[in-house]
$ cat final-v7.txt   # compact mmCIF, C-alpha atoms
# COMPACT_ATOMS: atom_id res chain seq x y z
CA MET A 1110 -83.23 44.47 -71.36
CA SER A 1111 -84.50 44.42 -67.88
CA LEU A 1112 -82.80 46.73 -65.51
CA ALA A 1113 -81.73 44.66 -62.60
CA ALA A 1114 -81.61 46.64 -59.43
CA PRO A 1115 -78.22 46.65 -57.79
CA TRP A 1116 -79.79 45.66 -54.48
CA PRO A 1117 -83.05 44.04 -53.44
CA GLY A 1118 -85.96 46.39 -53.27
CA ALA A 1119 -84.31 49.30 -55.06
CA ALA A 1120 -86.40 48.96 -58.19
CA ALA A 1121 -89.60 49.33 -56.20
CA ALA A 1122 -88.32 52.25 -54.25
CA PRO A 1123 -90.93 54.87 -55.11
CA ASP A 1124 -93.75 52.54 -54.16
CA GLY A 1125 -92.05 51.49 -51.01
CA CYS A 1126 -91.83 54.99 -49.67
CA ALA A 1127 -95.17 54.80 -47.98
CA MET A 1128 -93.68 53.17 -44.94
CA ALA A 1129 -95.37 54.07 -41.72
CA ALA A 1130 -93.71 56.79 -39.73
CA GLU A 1131 -93.44 54.63 -36.64
CA GLN A 1132 -91.50 52.04 -38.64
CA ILE A 1133 -89.05 54.73 -39.81
CA HIS A 1134 -88.56 56.02 -36.30
CA SER A 1135 -88.26 52.57 -34.83
CA ALA A 1136 -84.76 51.40 -34.09
CA ALA A 1137 -85.93 47.84 -34.75
CA MET A 1138 -86.87 48.50 -38.37
CA ASP A 1139 -85.94 45.95 -41.00
CA ILE A 1140 -82.88 47.77 -42.29
CA PRO A 1141 -81.56 45.08 -44.67
CA GLY A 1142 -84.98 44.71 -46.30
CA SER A 1143 -85.75 48.41 -46.50
CA ASP A 1144 -85.40 50.38 -49.70
CA ASP A 1145 -83.07 53.35 -50.03
CA GLU A 1146 -85.77 55.93 -49.63
CA THR A 1147 -86.99 54.44 -46.37
CA LEU A 1148 -83.45 54.27 -45.07
CA MET A 1149 -82.86 57.90 -45.94
CA GLN A 1150 -86.03 58.93 -44.14
CA ALA A 1151 -85.06 56.82 -41.17
CA TYR A 1152 -81.71 58.52 -41.04
CA GLY A 1153 -83.42 61.88 -41.16
CA ALA A 1154 -85.50 60.72 -38.21
CA GLY A 1155 -82.36 59.92 -36.24
CA ASN A 1156 -81.53 56.33 -37.14
CA LEU A 1157 -77.78 56.15 -37.66
CA ALA A 1158 -77.90 52.46 -38.53
CA ALA A 1159 -80.09 53.34 -41.51
CA PHE A 1160 -77.41 55.67 -42.81
CA GLU A 1161 -74.73 53.04 -42.37
CA ALA A 1162 -76.80 50.59 -44.39
CA LEU A 1163 -77.36 53.20 -47.06
CA TYR A 1164 -73.68 54.02 -47.17
CA GLN A 1165 -72.67 50.40 -47.46
CA ARG A 1166 -74.97 49.94 -50.41
CA HIS A 1167 -73.63 52.86 -52.43
CA ARG A 1168 -70.12 53.62 -51.29
CA ALA A 1169 -68.24 51.41 -53.75
CA GLY A 1170 -70.29 52.18 -56.84
CA LEU A 1171 -70.29 55.89 -56.15
CA TYR A 1172 -66.59 55.95 -55.50
CA ARG A 1173 -65.76 54.08 -58.72
CA TYR A 1174 -68.02 56.38 -60.69
CA LEU A 1175 -66.21 59.43 -59.31
CA LEU A 1176 -62.76 57.88 -59.67
CA ARG A 1177 -63.26 56.88 -63.27
CA SER A 1178 -65.03 60.11 -64.11
CA THR A 1179 -62.37 62.38 -62.69
CA ARG A 1180 -59.38 60.02 -63.25
CA ASN A 1181 -57.92 61.62 -60.16
CA PRO A 1182 -57.94 59.67 -56.85
CA HIS A 1183 -57.46 62.75 -54.69
CA LEU A 1184 -60.22 64.64 -56.42
CA ALA A 1185 -62.41 61.53 -56.30
CA ASP A 1186 -61.89 61.33 -52.54
CA ASP A 1187 -62.86 64.96 -52.12
CA LEU A 1188 -65.93 64.67 -54.29
CA PHE A 1189 -66.95 61.43 -52.61
CA GLN A 1190 -66.80 63.04 -49.19
CA GLU A 1191 -68.59 66.15 -50.40
CA THR A 1192 -71.35 64.07 -51.96
CA TRP A 1193 -72.05 62.27 -48.70
CA SER A 1194 -71.83 65.50 -46.77
CA ARG A 1195 -74.63 66.87 -48.88
CA VAL A 1196 -76.65 63.74 -48.25
CA ILE A 1197 -76.12 64.23 -44.53
CA ASP A 1198 -77.06 67.88 -44.69
CA ALA A 1199 -80.28 67.07 -46.52
CA ARG A 1200 -81.38 64.39 -44.06
CA ALA A 1201 -84.18 66.39 -42.45
CA ARG A 1202 -85.73 67.95 -45.55
CA TRP A 1203 -85.26 65.08 -47.99
CA GLN A 1204 -88.44 63.83 -49.62
CA PRO A 1205 -88.64 60.68 -51.74
CA ARG A 1206 -89.69 62.39 -54.96
CA ALA A 1207 -87.25 60.28 -56.98
CA LYS A 1208 -85.06 57.29 -56.46
CA PHE A 1209 -82.33 57.82 -53.94
CA THR A 1210 -79.76 56.48 -56.38
CA THR A 1211 -80.69 59.05 -58.99
CA TRP A 1212 -80.45 61.85 -56.45
CA LEU A 1213 -77.13 60.62 -55.10
CA LEU A 1214 -75.61 60.36 -58.57
CA GLN A 1215 -76.97 63.78 -59.49
CA ILE A 1216 -75.05 65.28 -56.60
CA ALA A 1217 -71.87 63.47 -57.56
CA HIS A 1218 -72.26 64.32 -61.24
CA ASN A 1219 -72.80 68.02 -60.57
CA LEU A 1220 -69.80 68.12 -58.25
CA ALA A 1221 -67.67 66.45 -60.90
CA ILE A 1222 -68.81 68.92 -63.56
CA ASP A 1223 -67.98 71.81 -61.27
CA ALA A 1224 -64.57 70.30 -60.64
CA TYR A 1225 -63.93 70.04 -64.39
CA ARG A 1226 -64.77 73.68 -64.81
CA ARG A 1227 -62.37 74.69 -62.07
CA GLN A 1228 -59.62 72.27 -63.13
CA PRO A 1229 -60.13 71.03 -66.72
CA SER A 1230 -57.57 68.23 -66.91
CA GLN A 1231 -56.94 66.00 -63.95
CA ALA A 1232 -55.76 62.82 -65.64
CA GLY A 1233 -52.06 62.34 -65.28
CA PRO A 1234 -50.15 59.48 -66.80
CA GLN A 1235 -48.80 58.35 -63.46
CA GLU A 1236 -52.26 58.15 -61.93
CA THR A 1237 -53.58 56.30 -64.96
CA GLU A 1238 -50.77 53.80 -64.85
CA ALA A 1239 -51.30 53.34 -61.14
CA ALA A 1240 -54.91 52.58 -61.75
CA LEU A 1241 -54.06 50.15 -64.48
CA ALA A 1242 -51.56 48.43 -62.21
CA THR A 1243 -54.39 47.36 -59.98
CA LEU A 1244 -55.75 45.16 -62.73
CA ALA A 1245 -54.87 41.83 -61.19
CA ALA A 1246 -55.37 38.69 -63.16
CA ALA A 1247 -57.19 35.69 -61.80
CA GLU A 1248 -54.93 32.93 -60.60
CA HIS A 1249 -56.80 30.14 -62.33
CA GLU A 1250 -56.28 31.61 -65.77
CA GLN A 1251 -53.56 30.34 -68.02
CA PRO A 1252 -50.65 32.73 -68.68
CA GLU A 1253 -51.74 33.40 -72.24
CA GLN A 1254 -55.33 33.88 -71.17
CA GLN A 1255 -54.21 36.07 -68.30
CA LEU A 1256 -52.26 38.24 -70.66
CA SER A 1257 -55.12 38.50 -73.09
CA ASP A 1258 -57.68 39.37 -70.42
CA PHE A 1259 -55.33 41.83 -68.81
CA GLN A 1260 -54.79 43.58 -72.10
CA THR A 1261 -58.52 43.63 -72.74
CA ARG A 1262 -59.30 45.15 -69.39
CA ARG A 1263 -56.47 47.65 -69.84
CA ARG A 1264 -57.80 48.64 -73.22
CA LEU A 1265 -61.28 49.01 -71.76
CA GLN A 1266 -60.01 51.23 -69.00
CA ARG A 1267 -58.02 53.37 -71.38
CA ALA A 1268 -60.91 53.57 -73.78
CA ILE A 1269 -63.18 54.84 -71.05
CA GLU A 1270 -60.59 57.36 -69.90
CA ARG A 1271 -60.13 58.71 -73.42
CA LEU A 1272 -63.80 59.37 -73.95
CA PRO A 1273 -65.03 62.96 -73.86
CA ASP A 1274 -66.37 63.94 -70.48
CA GLU A 1275 -70.07 63.75 -71.38
CA GLN A 1276 -69.70 60.37 -73.04
CA ARG A 1277 -67.55 59.04 -70.20
CA HIS A 1278 -70.14 60.11 -67.64
CA ALA A 1279 -72.94 58.51 -69.59
CA ILE A 1280 -71.17 55.21 -70.19
CA LEU A 1281 -70.01 54.99 -66.58
CA LEU A 1282 -73.53 55.51 -65.31
CA ARG A 1283 -74.60 52.80 -67.66
CA LEU A 1284 -71.82 50.29 -66.96
CA GLU A 1285 -71.31 50.94 -63.26
CA HIS A 1286 -74.89 51.55 -62.13
CA ASP A 1287 -76.94 49.92 -64.89
CA LEU A 1288 -79.02 53.06 -65.28
CA SER A 1289 -81.56 53.35 -68.07
CA LEU A 1290 -81.54 56.13 -70.67
CA GLU A 1291 -84.14 58.03 -68.70
CA GLU A 1292 -82.24 57.71 -65.47
CA ILE A 1293 -79.00 58.85 -67.08
CA ALA A 1294 -80.89 61.80 -68.53
CA ASP A 1295 -82.16 62.64 -65.04
CA VAL A 1296 -78.71 62.44 -63.52
CA THR A 1297 -76.89 64.42 -66.17
CA GLY A 1298 -79.70 66.82 -66.99
CA ALA A 1299 -79.40 66.07 -70.69
CA PRO A 1300 -82.29 65.13 -72.99
CA ARG A 1301 -82.93 61.45 -73.51
CA GLU A 1302 -81.93 61.55 -77.17
CA THR A 1303 -78.69 63.29 -76.29
CA VAL A 1304 -77.91 60.59 -73.75
CA LYS A 1305 -78.73 57.96 -76.35
CA SER A 1306 -76.34 59.57 -78.80
CA ARG A 1307 -73.59 59.82 -76.22
CA LEU A 1308 -73.96 56.18 -75.28
CA ARG A 1309 -73.89 55.13 -78.92
CA TYR A 1310 -70.67 57.05 -79.61
CA ALA A 1311 -69.07 55.86 -76.39
CA THR A 1312 -69.91 52.24 -77.09
CA GLN A 1313 -68.59 52.54 -80.64
CA ARG A 1314 -65.30 54.09 -79.49
CA ILE A 1315 -64.77 51.46 -76.82
CA ARG A 1316 -65.38 48.67 -79.30
CA GLU A 1317 -62.94 50.25 -81.70
CA GLU A 1318 -60.36 50.48 -78.90
CA LEU A 1319 -60.91 46.89 -77.89
CA GLY A 1320 -60.70 45.66 -81.46
CA ALA A 1321 -57.49 47.54 -82.18
CA MET B 725 -63.18 62.25 -93.81
CA THR B 726 -65.13 59.07 -93.53
CA ALA B 727 -68.74 59.28 -92.44
CA HIS B 728 -69.38 56.70 -89.72
CA PRO B 729 -72.72 54.97 -89.84
CA ARG B 730 -74.97 55.51 -86.85
CA PRO B 731 -76.41 52.21 -85.73
CA PRO B 732 -79.53 52.52 -83.61
CA TYR B 733 -78.63 52.29 -79.95
CA ASP B 734 -80.12 49.29 -78.24
CA GLU B 735 -79.88 49.02 -74.49
CA ASP B 736 -78.89 45.38 -74.90
CA ASP B 737 -75.99 46.24 -77.18
CA ASP B 738 -73.62 46.83 -74.29
CA LEU B 739 -74.15 43.54 -72.49
CA ASP B 740 -70.64 42.36 -73.38
CA LEU B 741 -69.15 45.69 -72.33
CA ARG B 742 -70.94 45.56 -69.01
CA ALA B 743 -69.65 42.05 -68.41
CA LEU B 744 -66.15 43.17 -69.26
CA TYR B 745 -66.49 46.26 -67.09
CA ARG B 746 -67.26 44.06 -64.08
CA THR B 747 -63.87 42.44 -64.45
CA LEU B 748 -62.19 45.78 -63.74
CA PRO B 749 -60.80 46.17 -60.22
CA ARG B 750 -63.50 46.85 -57.66
CA THR B 751 -61.94 49.95 -56.28
CA GLU B 752 -63.42 51.13 -53.00
CA PRO B 753 -62.94 54.15 -50.77
CA GLY B 754 -60.32 53.87 -48.11
CA PRO B 755 -61.10 53.23 -44.44
CA GLY B 756 -60.16 56.78 -43.58
CA LEU B 757 -62.76 58.09 -45.97
CA ASP B 758 -65.35 55.72 -44.55
CA ALA B 759 -64.55 56.81 -41.01
CA ALA B 760 -64.78 60.49 -41.92
CA ILE B 761 -68.20 60.06 -43.47
CA HIS B 762 -69.48 57.92 -40.62
CA GLY B 763 -68.24 60.51 -38.19
CA ALA B 764 -69.99 63.31 -40.05
CA ALA B 765 -73.24 61.37 -40.11
CA ALA B 766 -73.05 60.63 -36.39
CA ARG B 767 -72.17 64.22 -35.51
CA ALA B 768 -75.13 65.45 -37.52
CA LEU B 769 -77.51 63.22 -35.61
CA ALA B 770 -75.98 64.29 -32.31
CA ALA B 771 -76.57 67.90 -33.27
CA ASP B 772 -80.16 67.04 -34.14
CA ARG B 773 -80.64 65.48 -30.73
CA ARG B 774 -79.23 68.53 -29.00
CA VAL B 775 -81.63 70.76 -30.89
CA GLN B 776 -84.52 68.46 -30.08
CA ARG B 777 -83.61 68.53 -26.39
CA GLN B 778 -83.56 72.30 -26.43
CA HIS B 779 -86.93 72.36 -28.14
CA ARG B 780 -88.24 69.91 -25.58
CA LEU B 781 -87.24 72.20 -22.72
CA TRP B 782 -89.35 75.04 -24.03
CA HIS B 783 -91.73 73.67 -26.58
CA PRO B 784 -93.58 76.29 -28.64
CA GLY B 785 -96.81 74.60 -27.61
CA TRP B 786 -96.31 75.80 -24.07
CA GLY B 787 -96.09 79.36 -25.27
CA VAL B 788 -99.29 78.97 -27.26
CA ALA B 789 -101.09 77.41 -24.31
CA ALA B 790 -99.93 80.16 -21.95
CA SER B 791 -101.16 82.81 -24.38
CA ILE B 792 -104.58 81.15 -24.59
CA VAL B 793 -104.92 80.93 -20.81
CA LEU B 794 -103.87 84.56 -20.38
CA THR B 795 -106.34 85.74 -23.00
CA ALA B 796 -109.16 83.74 -21.41
CA CYS B 797 -108.40 85.21 -17.98
CA LEU B 798 -108.44 88.72 -19.37
CA PHE B 799 -111.82 88.12 -20.97
CA LEU B 800 -113.27 86.73 -17.75
CA LEU B 801 -111.99 89.59 -15.62
CA THR B 802 -113.23 92.12 -18.10
CA ASP B 803 -116.74 90.64 -18.15
CA PHE B 804 -117.19 90.65 -14.40
CA GLN B 805 -115.41 93.77 -13.30
CA ASP B 806 -115.91 96.40 -15.93
CA PRO B 807 -119.48 97.86 -15.74
CA ASP B 808 -119.02 99.82 -18.91
CA VAL B 809 -118.35 96.67 -20.85
CA ALA B 810 -120.35 94.10 -18.94
CA GLY B 811 -123.32 92.84 -20.87
CA LEU B 812 -124.63 95.97 -22.50
CA ALA B 813 -126.50 93.95 -25.02
CA ASP B 814 -128.31 91.65 -22.59
CA ALA B 815 -128.95 94.12 -19.77
CA PRO B 816 -132.33 93.75 -17.96
CA PRO B 817 -135.10 96.20 -18.92
CA MET B 818 -134.89 99.44 -17.03
CA ASN B 819 -137.40 100.10 -14.30
CA ALA B 820 -139.61 103.06 -15.01
CA GLU B 821 -139.08 104.43 -11.53
CA LEU B 822 -135.35 104.13 -11.89
CA ALA B 823 -135.44 105.62 -15.34
CA ARG B 824 -137.13 108.77 -14.09
CA PRO B 825 -134.67 111.63 -13.79
CA PRO B 826 -133.86 112.67 -10.24
CA GLN B 827 -136.04 115.43 -8.94
CA THR B 828 -134.32 118.38 -7.52
CA VAL B 829 -135.82 119.65 -4.28
CA PRO B 830 -135.75 123.42 -4.05
CA ARG B 831 -133.61 124.45 -1.19
CA PRO B 832 -134.90 126.98 1.32
CA ALA B 833 -133.16 130.29 1.41
CA PRO B 834 -130.04 129.80 3.37
CA SER B 835 -130.16 131.49 6.71
CA GLU B 836 -127.18 132.94 8.48
CA GLY B 837 -126.90 129.98 10.80
CA SER B 838 -127.26 127.39 8.13
CA ALA B 839 -124.70 129.18 5.98
CA ALA B 840 -122.30 129.14 8.89
CA ARG B 841 -123.00 125.49 9.52
CA ARG B 842 -122.44 124.65 5.91
CA ARG B 843 -119.18 126.54 5.95
CA TYR B 844 -117.80 124.20 8.58
CA ALA B 845 -119.68 121.06 7.75
CA PRO B 846 -118.11 118.42 5.54
CA ALA B 847 -119.06 118.54 1.94
CA PRO B 848 -121.98 116.33 0.98
CA GLN B 849 -121.25 113.09 -0.78
CA ALA B 850 -122.78 114.27 -3.99
CA GLU B 851 -120.68 117.38 -4.08
CA ARG B 852 -117.54 115.45 -3.28
CA ALA B 853 -118.29 112.96 -5.93
CA ALA B 854 -119.20 115.56 -8.48
CA PRO B 855 -115.74 116.06 -9.93
CA MET B 856 -115.33 112.32 -10.21
CA ALA B 857 -118.69 111.77 -11.83
CA PRO B 858 -118.58 111.31 -15.56
CA ALA B 859 -119.80 114.18 -17.62
CA PRO B 860 -122.64 112.32 -19.37
CA ALA B 861 -124.29 111.68 -16.01
CA ARG B 862 -125.13 115.37 -15.76
CA GLN B 863 -127.39 115.04 -18.72
CA PHE B 864 -129.90 113.17 -16.59
CA SER B 865 -130.24 115.90 -13.90
CA VAL B 866 -132.93 117.85 -15.73
CA GLN B 867 -135.47 120.18 -14.20
CA PRO B 868 -138.52 118.54 -12.64
CA PRO B 869 -141.61 118.54 -14.79
CA ALA B 870 -144.16 121.30 -14.39
CA PRO B 871 -146.96 120.47 -11.91
CA SER B 872 -150.14 119.26 -13.46
CA SER B 873 -153.50 121.08 -13.32
CA ALA B 874 -154.82 118.61 -10.73
CA ASP B 875 -151.98 119.48 -8.44
CA GLN B 876 -152.74 123.16 -8.86
CA ALA B 877 -156.40 122.60 -8.05
CA ALA B 878 -155.46 120.76 -4.92
CA ALA B 879 -153.02 123.42 -3.89
CA GLU B 880 -155.41 126.42 -4.17
CA PRO B 881 -158.00 125.48 -1.47
CA GLU B 882 -155.23 124.46 0.75
CA ALA B 883 -153.81 127.96 0.54
CA ALA B 884 -157.18 129.68 1.46
CA ALA B 885 -158.22 127.26 4.14
CA PRO B 886 -159.01 129.01 7.42
CA ASP B 887 -156.61 128.58 10.25
CA ASP B 888 -157.66 127.27 13.62
CA ALA B 889 -158.61 130.67 15.06
CA THR B 890 -160.72 131.61 12.10
CA GLN B 891 -162.34 128.21 12.12
CA ALA B 892 -163.14 128.68 15.81
CA ARG B 893 -164.75 132.04 15.08
CA ILE B 894 -166.81 130.46 12.27
CA ASP B 895 -167.87 127.67 14.60
CA HIS B 896 -168.87 130.31 17.21
CA ILE B 897 -170.94 132.16 14.64
CA LEU B 898 -172.72 128.95 13.70
CA GLU B 899 -173.37 128.18 17.34
CA LEU B 900 -174.87 131.69 17.84
CA LEU B 901 -177.19 131.11 14.89
CA GLN B 902 -178.27 127.77 16.19
CA ALA B 903 -178.88 129.39 19.61
CA GLY B 904 -181.15 132.04 18.03
CA GLN B 905 -178.84 134.92 18.71
CA ARG B 906 -179.00 136.18 15.17
CA ASP B 907 -177.88 139.75 15.77
CA GLU B 908 -174.86 138.72 17.71
CA ALA B 909 -173.99 136.13 15.01
CA LEU B 910 -174.28 138.76 12.27
CA GLN B 911 -172.06 141.09 14.22
CA ALA B 912 -169.43 138.38 14.76
CA LEU B 913 -169.56 137.52 11.08
CA GLN B 914 -169.07 141.13 10.16
CA ASP B 915 -166.11 141.32 12.50
CA LEU B 916 -164.65 138.24 10.93
CA LYS B 917 -165.00 139.63 7.41
CA ASN B 918 -163.41 142.85 8.52
CA ASP B 919 -160.46 141.00 10.00
CA ASP B 920 -160.03 138.70 7.06
CA PRO B 921 -161.84 139.75 3.90
CA ASP B 922 -160.70 136.67 1.99
CA VAL B 923 -161.95 134.17 4.53
CA ALA B 924 -163.70 131.18 3.08
CA LEU B 925 -167.13 130.95 4.68
CA PRO B 926 -169.38 127.94 4.75
CA PRO B 927 -172.45 128.20 2.54
CA GLU B 928 -174.86 128.84 5.43
CA LEU B 929 -172.90 131.97 6.37
CA GLN B 930 -172.34 133.34 2.87
CA ASP B 931 -175.96 134.43 2.38
CA LEU B 932 -176.35 136.22 5.67
CA PRO B 933 -176.91 139.95 5.41
CA ALA B 934 -174.78 142.50 7.12
CA PRO B 935 -175.90 143.58 10.61
CA GLU B 936 -178.15 146.58 10.89
$ encode --input "final-v7.txt" --output "structure tokens"
Amino acid sequence: MSLAAPWPGAAAAPDGCAMAAEQIHSAAMDIPGSDDETLMQAYGAGNLAAFEALYQRHRAGLYRYLLRSTRNPHLADDLFQETWSRVIDARARWQPRAKFTTWLLQIAHNLAIDAYRRQPSQAGPQETEAALATLAAAEHEQPEQQLSDFQTRRRLQRAIERLPDEQRHAILLRLEHDLSLEEIADVTGAPRETVKSRLRYATQRIREELGA
Amino acid sequence: MTAHPRPPYDEDDDLDLRALYRTLPRTEPGPGLDAAIHGAAARALAADRRVQRQHRLWHPGWGVAASIVLTACLFLLTDFQDPDVAGLADAPPMNAELARPPQTVPRPAPSEGSAARRRYAPAPQAERAAPMAPAPARQFSVQPPAPSSADQAAAEPEAAAPDDATQARIDHILELLQAGQRDEALQALQDLKNDDPDVALPPELQDLPAPE
């Protein structure tokens, strides 16, 4: 399967890092066409518009990853803000050694792991039900179809929430961000084969939940 | 306990799950969270600009340049004003006359008057400067060399040369001889030898006999 980049130019990010310094410092740089690494360097050079573009690209995906990993909206908000604070703090010394997405998710993942250690169980039934209540059905679907799809999505959400932490992290990185095995291994710090095993178990459990 | 088979994990196996996952609600961070992160990013850049302005007021390069100029000035002043340091290696060859040690003239025995004069006269320059003179300079004030044999030979006849009166008496004796007054010349010669036994006589008078 080909890994489609979630935004144009992201897949070629490491090669696109060789942007001239004057282009990074220029306020008239092509922000929409620039890759994440260039935007991060531009922000480190003082370009606030570059950060806003970077934030717009990753805010939703990162937030969903944290929300579904922690199953706690308040904790997700805190971790989301802390993740971006660390990005901001690293603006001057950041070097494009890896993809920006991988680095960003590494920060979020490590913060989530630390939060688990401090507070092992954050998922409350009320919060889970509130999250499930947001599952709105499309208006064009028939009532029976709506009910079926709603139940399927609800089962999927519950199946993800019931996964062990490591498996949930791995499958969320896969489903939310379309990361490869190697990229998930980089983010989580686990060996590739371990990630492969976690994904296999997670996929199997979700299918069992959906087929129940 | 039933042993579950482990199917090999294929990255394309979760295509249907990924499609289903995209139907889940696209939860996003709230506007308050967005505003907080934007504010943090903007404040960070403002802080960077303040630091850059402070650095611009007193750039480290100015300090380096000032140090270089100061060092160069010190070197120049040292080369032109310090005789102990100035160009020892490339000094011109020393003149033989200048290299000769100063000759000390023997002073005459101080008389009463001269001693009194010296008591009230200002000290000579050399004596006043003596305490200020560096110690190594004294090494060059050695005794004058011993006079050579040629000088001694020149000094001896000069010491026995007849004075004007003696020379006049010799001339008178020679005139008496030339005038044929031999007895009177012999008598005058005898008188001269009696008065000055060490008188240096010319050759024509040395062989004359004593008067009868």
$ closest_atom_pairs --input "final-v7.txt" --of "chain A" --to "chain B" --cutoff "8 Å" --atoms "only C-alpha atoms" --output "tab-separated table"
residue	atom	partner	partner_atom	distance
A:Met1110	CA	B:Asp736	CA	5.7
A:Gly1155	CA	B:Leu769	CA	5.9
A:Leu1157	CA	B:Ala766	CA	6.6
A:Phe1160	CA	B:Ala765	CA	7.6
A:Glu1161	CA	B:His762	CA	7.4
A:Arg1168	CA	B:Pro753	CA	7.2
A:Ala1169	CA	B:Glu752	CA	4.9
A:Gly1170	CA	B:Glu752	CA	7.9
A:Tyr1172	CA	B:Pro753	CA	6.2
A:Arg1173	CA	B:Thr751	CA	6.1
A:Asp1186	CA	B:Leu757	CA	7.4
A:Gln1190	CA	B:Ile761	CA	6.6
A:Trp1193	CA	B:Ile761	CA	6.9
A:Ser1194	CA	B:Ala764	CA	7.3
A:Ile1197	CA	B:Ala765	CA	6.0
A:Asp1198	CA	B:Ala768	CA	7.8
A:Thr1243	CA	B:Pro749	CA	6.5
A:Leu1244	CA	B:Pro749	CA	5.7
A:Ala1245	CA	B:Pro749	CA	7.4
A:Arg1262	CA	B:Leu748	CA	6.4
A:Leu1265	CA	B:Tyr745	CA	7.5
A:Gln1266	CA	B:Leu748	CA	7.9
A:Leu1284	CA	B:Arg742	CA	5.2
A:Glu1285	CA	B:Tyr745	CA	7.7
A:Ser1289	CA	B:Glu735	CA	7.9
A:Lys1305	CA	B:Tyr733	CA	6.7
A:Ser1306	CA	B:Tyr733	CA	7.7
A:Leu1308	CA	B:Tyr733	CA	7.7
A:Arg1309	CA	B:Tyr733	CA	5.6
A:Thr1312	CA	B:Asp738	CA	7.1
$ write_last_selection --input "final-v7.txt" --atoms "C-alpha atoms" --output "PDB file, keeping the file's coordinate frame"
ATOM      1  CA  MET A1110     -83.230  44.470 -71.360  1.00  0.00           C
ATOM      2  CA  GLY A1155     -82.360  59.920 -36.240  1.00  0.00           C
ATOM      3  CA  LEU A1157     -77.780  56.150 -37.660  1.00  0.00           C
ATOM      4  CA  PHE A1160     -77.410  55.670 -42.810  1.00  0.00           C
ATOM      5  CA  GLU A1161     -74.730  53.040 -42.370  1.00  0.00           C
ATOM      6  CA  ARG A1168     -70.120  53.620 -51.290  1.00  0.00           C
ATOM      7  CA  ALA A1169     -68.240  51.410 -53.750  1.00  0.00           C
ATOM      8  CA  GLY A1170     -70.290  52.180 -56.840  1.00  0.00           C
ATOM      9  CA  TYR A1172     -66.590  55.950 -55.500  1.00  0.00           C
ATOM     10  CA  ARG A1173     -65.760  54.080 -58.720  1.00  0.00           C
ATOM     11  CA  ASP A1186     -61.890  61.330 -52.540  1.00  0.00           C
ATOM     12  CA  GLN A1190     -66.800  63.040 -49.190  1.00  0.00           C
ATOM     13  CA  TRP A1193     -72.050  62.270 -48.700  1.00  0.00           C
ATOM     14  CA  SER A1194     -71.830  65.500 -46.770  1.00  0.00           C
ATOM     15  CA  ILE A1197     -76.120  64.230 -44.530  1.00  0.00           C
ATOM     16  CA  ASP A1198     -77.060  67.880 -44.690  1.00  0.00           C
ATOM     17  CA  THR A1243     -54.390  47.360 -59.980  1.00  0.00           C
ATOM     18  CA  LEU A1244     -55.750  45.160 -62.730  1.00  0.00           C
ATOM     19  CA  ALA A1245     -54.870  41.830 -61.190  1.00  0.00           C
ATOM     20  CA  ARG A1262     -59.300  45.150 -69.390  1.00  0.00           C
ATOM     21  CA  LEU A1265     -61.280  49.010 -71.760  1.00  0.00           C
ATOM     22  CA  GLN A1266     -60.010  51.230 -69.000  1.00  0.00           C
ATOM     23  CA  LEU A1284     -71.820  50.290 -66.960  1.00  0.00           C
ATOM     24  CA  GLU A1285     -71.310  50.940 -63.260  1.00  0.00           C
ATOM     25  CA  SER A1289     -81.560  53.350 -68.070  1.00  0.00           C
ATOM     26  CA  LYS A1305     -78.730  57.960 -76.350  1.00  0.00           C
ATOM     27  CA  SER A1306     -76.340  59.570 -78.800  1.00  0.00           C
ATOM     28  CA  LEU A1308     -73.960  56.180 -75.280  1.00  0.00           C
ATOM     29  CA  ARG A1309     -73.890  55.130 -78.920  1.00  0.00           C
ATOM     30  CA  THR A1312     -69.910  52.240 -77.090  1.00  0.00           C
TER      31      THR A1312
END
$ atom_distance --input "final-v7.txt" --atom1 "CA of His1286 in chain A" --atom2 "CA of Ala759 in chain B"
24.1 Å
$ atom_distance --input "final-v7.txt" --atom1 "CA of Pro1205 in chain A" --atom2 "CA of Asp1145 in chain A"
9.4 Å
$ residues_near_point --input "final-v7.txt" --point "(-63.5, 58.2, -64.7)" --cutoff "9 Å" --atoms "all atoms listed in the file" --output "count of residues only"
16
$ atom_distance --input "final-v7.txt" --atom1 "CA of Lys1208 in chain A" --atom2 "CA of Ile1315 in chain A"
29.3 Å
$ residues_near_point --input "final-v7.txt" --point "(-175.8, 130.6, 17.7)" --cutoff "12 Å" --atoms "all atoms listed in the file" --output "VMD selection string"
chain B and resid 893 to 913 929
$ residues_around --input "final-v7.txt" --residues "Ala1299 in chain A" --least-positions-apart "3" --cutoff "12 Å" --atoms "only C-alpha atoms" --output "list in words"
Gln1215, His1218, Glu1275, Gln1276, His1278, Ala1279, Leu1290, Glu1291, Glu1292, Ile1293, Ala1294, Asp1295, Val1296, Glu1302, Thr1303, Val1304, Lys1305, Ser1306 and Arg1307 of chain A
$ closest_residue --input "final-v7.txt" --among "A:Leu1319, A:Leu1171, A:Leu1214, A:Ala1199" --to "Gly1153 in chain A" --atoms "only C-alpha atoms"
A:Ala1199
$ closest_residue --input "final-v7.txt" --among "A:Gly1320, A:Ala1221, A:Tyr1310, A:Trp1212" --to "Gln1260 in chain A" --atoms "all atoms listed in the file"
A:Gly1320
$ closest_residue --input "final-v7.txt" --among "B:Gln776, B:Thr890, B:Thr802, B:Thr795" --to "Asp922 in chain B" --atoms "all atoms listed in the file"
B:Thr890
